[in-house]
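This report refers to the structure that appears directly beneath it.
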Amino acid sequence: MNTAICETLFEDMGLTMPKNKIVIKLGGGLITDKSQYKLVREERIQSVCKIISKMIKNDDSIILVHGAGSFGHLEAKKWHLSRGNSIEIIDEQRLAVKNVRNDMIELNNYVVKYLKEFGIEGISHPPSKWANGLGPQFNGDITKLGDEKKDTIQVTFGDVVDVHSEREFGILSGDDLMVRICKEIPGITHCIFLLGDAEGLLTKPPNEEGSELISLWSNEQEITGRHESSQDVTGGIFLKAESASKIAQNVANVWMIDGRKPERIAELVQTGNTIGTKVI
Ligand code: IPE
């Protein structure tokens, strides 16, 4: 049944349409310049927040996750934070852990600021305060991200978290948070990864000749991405694709789309389709 018929039926029955429950990840490469320390792309955050606020006013509910980009990866890479405690540089590492956590709060403040500009209150949940352990099986109560209140959005992000072993600390990616949110919060209808450099998953890295958009992807189909391991301490496009594929087991609409064209989020939610990659 199409949306318009559904709406009429619901109206006839005196009911309101069940709203969409959407989880969105703003990739770090979308909202920062990944190669320059703490270079934020405010106009991109702003244009996504504008669309998000319209959807909230339209009674959809949204949970927002964001990545780190150059507010996390560069320092984490420099001090090998993803490997955990390296005895010979542990003092510098502990300082870097604090700095990256502060830098992530700073990046998060931009997101909250632009939500506010469009009349939405962002409630932030820094993982360093409530999560520990690594990968999608990290420890922490994710259900608080499911709290719904009018004109508010729960927000969390990739972070440096404690690890209760000799590692001491490690990097928890926003992609892992996405997996857990979509698994543990009931009723999620859409999960959307916003990319900063491509229209979706591509057959080859962006800018390479012959690179084409894969419009329907399942993890049986191999992708030959490029992982900028000189900048990126989490898994880049591969971790995103793997996470999206896990999420597709529970959520009907899992997409990777171009965050530089945020109107596609609204198009997807309204029509069920847009330019991008649907993950099945
Ligand atoms: C990484 O989080 C967190 C840190 C490096 C502190 P993500 O893996 O979610 O970040 P992006 O999206 O790749 O930048």
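Letters A, B, ... go to the chains of the structure tokens in the order shown; residues in each chain start at 1; ligands are counted from 1 in the same order.
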
Mind dumping a table of every chain A residue within 8 Å of ligand 1, with the nearest atom pair and its distance in Å to one decimal, using only C-alpha atoms and all ligand atoms, sorted by chain and rising number, as a Markdown table?
```
| residue | atom | partner | partner_atom_place_in_ligand_line | distance |
| --- | --- | --- | --- | --- |
| A:Lys25 | CA | ligand 1 | 12 (O) | 8.0 |
| A:Leu26 | CA | ligand 1 | 12 (O) | 6.9 |
| A:Gly27 | CA | ligand 1 | 12 (O) | 3.9 |
| A:Gly28 | CA | ligand 1 | 14 (O) | 3.2 |
| A:Gly29 | CA | ligand 1 | 14 (O) | 5.6 |
| A:Lys34 | CA | ligand 1 | 14 (O) | 7.5 |
| A:Val65 | CA | ligand 1 | 9 (O) | 7.9 |
| A:His66 | CA | ligand 1 | 9 (O) | 6.1 |
| A:Gly67 | CA | ligand 1 | 12 (O) | 3.3 |
| A:Ala68 | CA | ligand 1 | 14 (O) | 3.8 |
| A:Gly69 | CA | ligand 1 | 14 (O) | 3.5 |
| A:Ser70 | CA | ligand 1 | 14 (O) | 7.1 |
| A:Phe71 | CA | ligand 1 | 6 (C) | 7.2 |
| A:Gly72 | CA | ligand 1 | 5 (C) | 3.9 |
| A:His73 | CA | ligand 1 | 5 (C) | 4.2 |
| A:Leu74 | CA | ligand 1 | 5 (C) | 7.7 |
| A:Ala76 | CA | ligand 1 | 5 (C) | 6.0 |
| A:Val100 | CA | ligand 1 | 6 (C) | 6.2 |
| A:Arg101 | CA | ligand 1 | 6 (C) | 7.2 |
| A:Met104 | CA | ligand 1 | 6 (C) | 6.9 |
| A:Phe157 | CA | ligand 1 | 9 (O) | 6.4 |
| A:Gly158 | CA | ligand 1 | 2 (O) | 3.5 |
| A:Asp159 | CA | ligand 1 | 6 (C) | 4.0 |
| A:Val160 | CA | ligand 1 | 6 (C) | 5.1 |
| A:Ile171 | CA | ligand 1 | 4 (C) | 5.7 |
| A:Leu172 | CA | ligand 1 | 3 (C) | 6.0 |
| A:Ser173 | CA | ligand 1 | 8 (O) | 3.8 |
| A:Gly174 | CA | ligand 1 | 9 (O) | 3.3 |
| A:Asp175 | CA | ligand 1 | 9 (O) | 5.4 |
| A:Asp176 | CA | ligand 1 | 9 (O) | 7.7 |
| A:Asp232 | CA | ligand 1 | 13 (O) | 6.6 |
| A:Val233 | CA | ligand 1 | 5 (C) | 6.1 |
| A:Thr234 | CA | ligand 1 | 8 (O) | 4.9 |
| A:Gly235 | CA | ligand 1 | 8 (O) | 6.8 |
| A:Gly236 | CA | ligand 1 | 13 (O) | 5.6 |
```

Restricting the output to C-alpha atoms, write the selected residues as a PDB file, in the first residue's frame.
```
ATOM      1  CA  LYS A  25      25.125   8.685  11.197  1.00  0.00           C
ATOM      2  CA  LEU A  26      27.004  11.758  10.073  1.00  0.00           C
ATOM      3  CA  GLY A  27      30.329  10.354   8.915  1.00  0.00           C
ATOM      4  CA  GLY A  28      33.409  12.163  10.179  1.00  0.00           C
ATOM      5  CA  GLY A  29      34.478  12.678   6.566  1.00  0.00           C
ATOM      6  CA  LYS A  34      39.705  14.476   7.560  1.00  0.00           C
ATOM      7  CA  VAL A  65      25.302   9.483  15.730  1.00  0.00           C
ATOM      8  CA  HIS A  66      28.356  11.262  14.403  1.00  0.00           C
ATOM      9  CA  GLY A  67      31.898  10.288  13.592  1.00  0.00           C
ATOM     10  CA  ALA A  68      35.157  11.955  14.507  1.00  0.00           C
ATOM     11  CA  GLY A  69      36.958  12.864  11.293  1.00  0.00           C
ATOM     12  CA  SER A  70      39.911  15.100  12.048  1.00  0.00           C
ATOM     13  CA  PHE A  71      38.703  15.699  15.627  1.00  0.00           C
ATOM     14  CA  GLY A  72      39.580  12.110  16.494  1.00  0.00           C
ATOM     15  CA  HIS A  73      41.501  10.118  13.948  1.00  0.00           C
ATOM     16  CA  LEU A  74      44.645  12.234  13.622  1.00  0.00           C
ATOM     17  CA  ALA A  76      44.371   8.768  17.850  1.00  0.00           C
ATOM     18  CA  VAL A 100      40.607  13.480  21.923  1.00  0.00           C
ATOM     19  CA  ARG A 101      37.658  13.204  24.324  1.00  0.00           C
ATOM     20  CA  MET A 104      35.021  15.124  20.357  1.00  0.00           C
ATOM     21  CA  PHE A 157      29.378   9.797  18.649  1.00  0.00           C
ATOM     22  CA  GLY A 158      32.527   7.733  18.090  1.00  0.00           C
ATOM     23  CA  ASP A 159      34.859   8.220  21.056  1.00  0.00           C
ATOM     24  CA  VAL A 160      37.833   6.968  23.061  1.00  0.00           C
ATOM     25  CA  ILE A 171      38.370   3.553  19.997  1.00  0.00           C
ATOM     26  CA  LEU A 172      34.655   2.906  19.844  1.00  0.00           C
ATOM     27  CA  SER A 173      33.405   3.791  16.366  1.00  0.00           C
ATOM     28  CA  GLY A 174      30.076   5.458  15.700  1.00  0.00           C
ATOM     29  CA  ASP A 175      29.430   2.551  13.324  1.00  0.00           C
ATOM     30  CA  ASP A 176      29.476   0.137  16.290  1.00  0.00           C
ATOM     31  CA  ASP A 232      41.726   6.536   9.867  1.00  0.00           C
ATOM     32  CA  VAL A 233      41.935   4.477  13.059  1.00  0.00           C
ATOM     33  CA  THR A 234      38.582   2.747  12.621  1.00  0.00           C
ATOM     34  CA  GLY A 235      37.580   0.736   9.575  1.00  0.00           C
ATOM     35  CA  GLY A 236      36.586   3.407   7.021  1.00  0.00           C
TER      36      GLY A 236
END
```

Could you give me, as a short mmCIF file (atom, residue, chain, number, x, y, z; two decimals) with N, CA, C and O atoms, in the first residue's frame, the residues within 7 Å of segment 115-123 of chain A, counting only C-alpha atoms and dropping anything in the same chain fewer than 6 positions from it?
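Output (out_31.cif):
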```cif
data_model
loop_
_atom_site.label_atom_id
_atom_site.label_comp_id
_atom_site.auth_asym_id
_atom_site.auth_seq_id
_atom_site.Cartn_x
_atom_site.Cartn_y
_atom_site.Cartn_z
N CYS A 49 21.29 19.42 9.52
CA CYS A 49 20.43 19.74 10.66
C CYS A 49 19.13 20.40 10.20
O CYS A 49 18.07 20.19 10.81
N LYS A 50 19.20 21.15 9.12
CA LYS A 50 17.99 21.80 8.60
C LYS A 50 16.97 20.74 8.16
O LYS A 50 15.79 20.81 8.53
N SER A 53 15.60 18.83 11.17
CA SER A 53 14.62 19.58 11.96
C SER A 53 13.25 19.53 11.27
O SER A 53 12.22 19.40 11.93
N ASP A 151 10.53 17.64 19.91
CA ASP A 151 11.58 18.57 19.48
C ASP A 151 12.96 18.33 20.10
O ASP A 151 13.75 19.26 20.29
N THR A 152 13.23 17.08 20.47
CA THR A 152 14.57 16.76 20.95
C THR A 152 15.13 15.57 20.15
O THR A 152 14.37 14.77 19.61
N ILE A 153 16.44 15.52 20.13
CA ILE A 153 17.13 14.40 19.47
C ILE A 153 18.23 13.92 20.41
O ILE A 153 18.98 14.72 20.97
N GLN A 154 18.32 12.62 20.59
CA GLN A 154 19.43 12.05 21.36
C GLN A 154 20.62 11.95 20.41
O GLN A 154 20.48 11.51 19.27
N VAL A 155 21.78 12.36 20.91
CA VAL A 155 22.97 12.40 20.04
C VAL A 155 24.14 11.67 20.72
O VAL A 155 24.40 11.87 21.91
#
```

Within 8 Å of Ile31 of chain A, counting only C-alpha atoms, which residues show up once you throw out same-chain ones fewer than 5 positions away? Write them as a JSON list (two decimals) with N, CA and C atoms, in the first residue's frame, please.
```json
[["chain", "number", "residue", "atom", "x", "y", "z"],
["A", 26, "LEU", "N", 26.24, 10.78, 10.83],
["A", 26, "LEU", "CA", 27.00, 11.76, 10.07],
["A", 26, "LEU", "C", 28.45, 11.28, 10.09],
["A", 40, "VAL", "N", 36.39, 21.84, 10.86],
["A", 40, "VAL", "CA", 34.98, 21.44, 10.83],
["A", 40, "VAL", "C", 34.31, 22.03, 9.59],
["A", 41, "ARG", "N", 33.38, 21.25, 9.01],
["A", 41, "ARG", "CA", 32.64, 21.76, 7.84],
["A", 41, "ARG", "C", 31.24, 22.17, 8.32],
["A", 42, "GLU", "N", 31.20, 23.36, 8.86],
["A", 42, "GLU", "CA", 29.97, 23.81, 9.52],
["A", 42, "GLU", "C", 28.79, 23.84, 8.57],
["A", 44, "ARG", "N", 28.06, 21.97, 6.16],
["A", 44, "ARG", "CA", 27.47, 20.63, 5.93],
["A", 44, "ARG", "C", 26.64, 20.19, 7.13],
["A", 45, "ILE", "N", 27.16, 20.47, 8.33],
["A", 45, "ILE", "CA", 26.39, 20.13, 9.54],
["A", 45, "ILE", "C", 25.07, 20.91, 9.50],
["A", 69, "GLY", "N", 36.15, 12.18, 12.30],
["A", 69, "GLY", "CA", 36.96, 12.86, 11.29],
["A", 69, "GLY", "C", 38.25, 13.35, 11.92],
["A", 196, "GLY", "N", 30.64, 11.44, 3.08],
["A", 196, "GLY", "CA", 31.12, 12.77, 2.73],
["A", 196, "GLY", "C", 31.77, 12.86, 1.38]]
```

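Computed from the coordinates, the atom CA of Ile22 of chain A to atom CA of Lys240 of chain A distance equals 16.9 Å.
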
From A:Arg167, A:Ile63, A:Ser211, A:Ile87, residue lying nearest Thr143 of chain A [only C-alpha atoms]: A:Ile63

Neighbour list for Leu201 of chain A as an NGL selection string, cut-off 9 Å, only C-alpha atoms, skip fewer than 6 positions in-chain: :A and (212-215 or 217 or 223 or 225 or 237 or 241 or 256-257 or 276-277)
